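Below: one structure, written as structure tokens.
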Amino acid sequence: MEKEILVNQIIMETKIHGLILTGGYSKRMGRDKALISDGNQTALEKIYDLLKHSLQEVFVSVRADQKEEAKRAEFKLIVDQNQNSGPMAGILSAFNSYPDIAWLIVACDMPYLDTETIDQLIQNRNKEKVATLFISPKDGLPEPLCSIYEPLFFKTVSNDNRLIQNNSPRDTLMLMDTLLIKPENPKSLINTNYP
């Protein structure tokens, strides 16, 4: 209970919105990853519920051709409005919509993500850095798709778009001043790209 109160206090003192990235083409999976269901909920609904546990505002990132899709249309949407592609398009579009808000970015394809991992990220947030990220258990590099991006990230890349490397959030963040933390539950950061 104390942990939940602490997380809620941090959120009230600072503004963090959640963003679920669902704009990919799911080519490796062969079908829309966000809409895969475990019989009770879709992957999108599961991640949304996790973020709503800790954040008051949660949005879903979509490509323009996805905004009318029935399941996504149930949520507050941020439509990609950027010349960038991939996750970077969704991240920058969120900042274009709300430039003074920090964004907790999560990919829709993390079936083992849990509340404790989200809370760990929020509790370790450093607003002085451009982002707070987990160290990926897979390769030891920054995990950009379960991370908090600060407004400083957007200001920095807006002032120097040469920082945007290959439209890759990871490559871009590796050039910047970030806080890396070790996940208490490494399994929660596993993503699924294949059936």
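Scheme for the structure tokens: letters A, B, ... for chains in order shown; per-chain residue numbers from 1; ligand numbers from 1 in order shown.
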Using only C-alpha atoms, what does the table of stretch 25-127 of chain A residues within 7 Å of stretch 176-194 of chain A look like, with each row giving the shortest atom pair and its distance in Å to one decimal, sorted by chain and ascending number, as a Markdown table?
| residue | atom | partner | partner_atom | distance |
| --- | --- | --- | --- | --- |
| A:Arg28 | CA | A:Tyr194 | CA | 5.5 |
| A:Met29 | CA | A:Tyr194 | CA | 4.4 |
| A:Asp109 | CA | A:Asn191 | CA | 5.3 |
| A:Met110 | CA | A:Asn191 | CA | 4.4 |
| A:Pro111 | CA | A:Asn191 | CA | 6.8 |
| A:Tyr112 | CA | A:Ser188 | CA | 4.4 |
| A:Leu113 | CA | A:Ser188 | CA | 4.2 |
| A:Asp114 | CA | A:Ser188 | CA | 6.3 |
| A:Thr117 | CA | A:Asn185 | CA | 6.8 |
| A:Asn126 | CA | A:Leu179 | CA | 6.9 |
Taking only residues of stretch 35-88 of chain A that have an atom at most 12 Å from an atom of stretch 161-171 of chain A, what is each one's shortest atom pair and its distance in Å to one decimal, using only C-alpha atoms, in chain and number order, as JSON lines?
{"residue": "A:Asn82", "atom": "CA", "partner": "A:Asn167", "partner_atom": "CA", "distance": 11.1}
{"residue": "A:Gln83", "atom": "CA", "partner": "A:Asn167", "partner_atom": "CA", "distance": 9.8}
{"residue": "A:Asn84", "atom": "CA", "partner": "A:Asn167", "partner_atom": "CA", "distance": 6.2}
{"residue": "A:Ser85", "atom": "CA", "partner": "A:Asn167", "partner_atom": "CA", "distance": 6.2}
{"residue": "A:Gly86", "atom": "CA", "partner": "A:Asn167", "partner_atom": "CA", "distance": 6.8}
{"residue": "A:Pro87", "atom": "CA", "partner": "A:Pro169", "partner_atom": "CA", "distance": 7.0}
{"residue": "A:Met88", "atom": "CA", "partner": "A:Asn167", "partner_atom": "CA", "distance": 5.7}
Selected residues written out with N, CA and C atoms, as a PDB file, in the first residue's frame:
ATOM      1  N   ASN A  82       4.210  12.800 -38.246  1.00  0.00           N
ATOM      2  CA  ASN A  82       5.611  13.140 -38.344  1.00  0.00           C
ATOM      3  C   ASN A  82       6.223  12.485 -39.560  1.00  0.00           C
ATOM      4  N   GLN A  83       7.300  13.051 -40.068  1.00  0.00           N
ATOM      5  CA  GLN A  83       7.967  12.450 -41.217  1.00  0.00           C
ATOM      6  C   GLN A  83       8.783  11.224 -40.813  1.00  0.00           C
ATOM      7  N   ASN A  84       8.965  11.013 -39.522  1.00  0.00           N
ATOM      8  CA  ASN A  84       9.706   9.846 -39.062  1.00  0.00           C
ATOM      9  C   ASN A  84       8.831   8.605 -39.153  1.00  0.00           C
ATOM     10  N   SER A  85       9.455   7.456 -39.027  1.00  0.00           N
ATOM     11  CA  SER A  85       8.704   6.205 -39.096  1.00  0.00           C
ATOM     12  C   SER A  85       8.986   5.383 -37.841  1.00  0.00           C
ATOM     13  N   GLY A  86       8.258   4.277 -37.725  1.00  0.00           N
ATOM     14  CA  GLY A  86       8.455   3.380 -36.596  1.00  0.00           C
ATOM     15  C   GLY A  86       8.073   4.022 -35.276  1.00  0.00           C
ATOM     16  N   PRO A  87       8.612   3.486 -34.169  1.00  0.00           N
ATOM     17  CA  PRO A  87       8.274   4.024 -32.850  1.00  0.00           C
ATOM     18  C   PRO A  87       8.577   5.514 -32.709  1.00  0.00           C
ATOM     19  N   MET A  88       9.622   5.981 -33.396  1.00  0.00           N
ATOM     20  CA  MET A  88       9.984   7.394 -33.282  1.00  0.00           C
ATOM     21  C   MET A  88       8.855   8.289 -33.768  1.00  0.00           C
TER      22      MET A  88
END
field: One-decimal distance in Å that lies between atom CA of A:Lys46 and atom CA of A:Glu150
entry: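 Computing the Euclidean distance for atom CA of A:Glu150 and atom CA of A:Lys46 yields 24.3 Å.
You can rank A:Ala43, A:Ala89, A:Leu19, A:Val60 by their closest distance to A:Cys146 using only C-alpha atoms, and at the top of that list sits A:Leu19.
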task: Write out as a ChimeraX atom specification all residues of stretch 6-142 of chain A that backbone DSSP assigns to alpha helix (DSSP H).
output: /A:6-13,43-54,86-97,115-123
message: Just the number, please: distance in Å from atom CA of A:Val106 to atom CA of A:Ile91, one decimal.
response: 10.1 Å
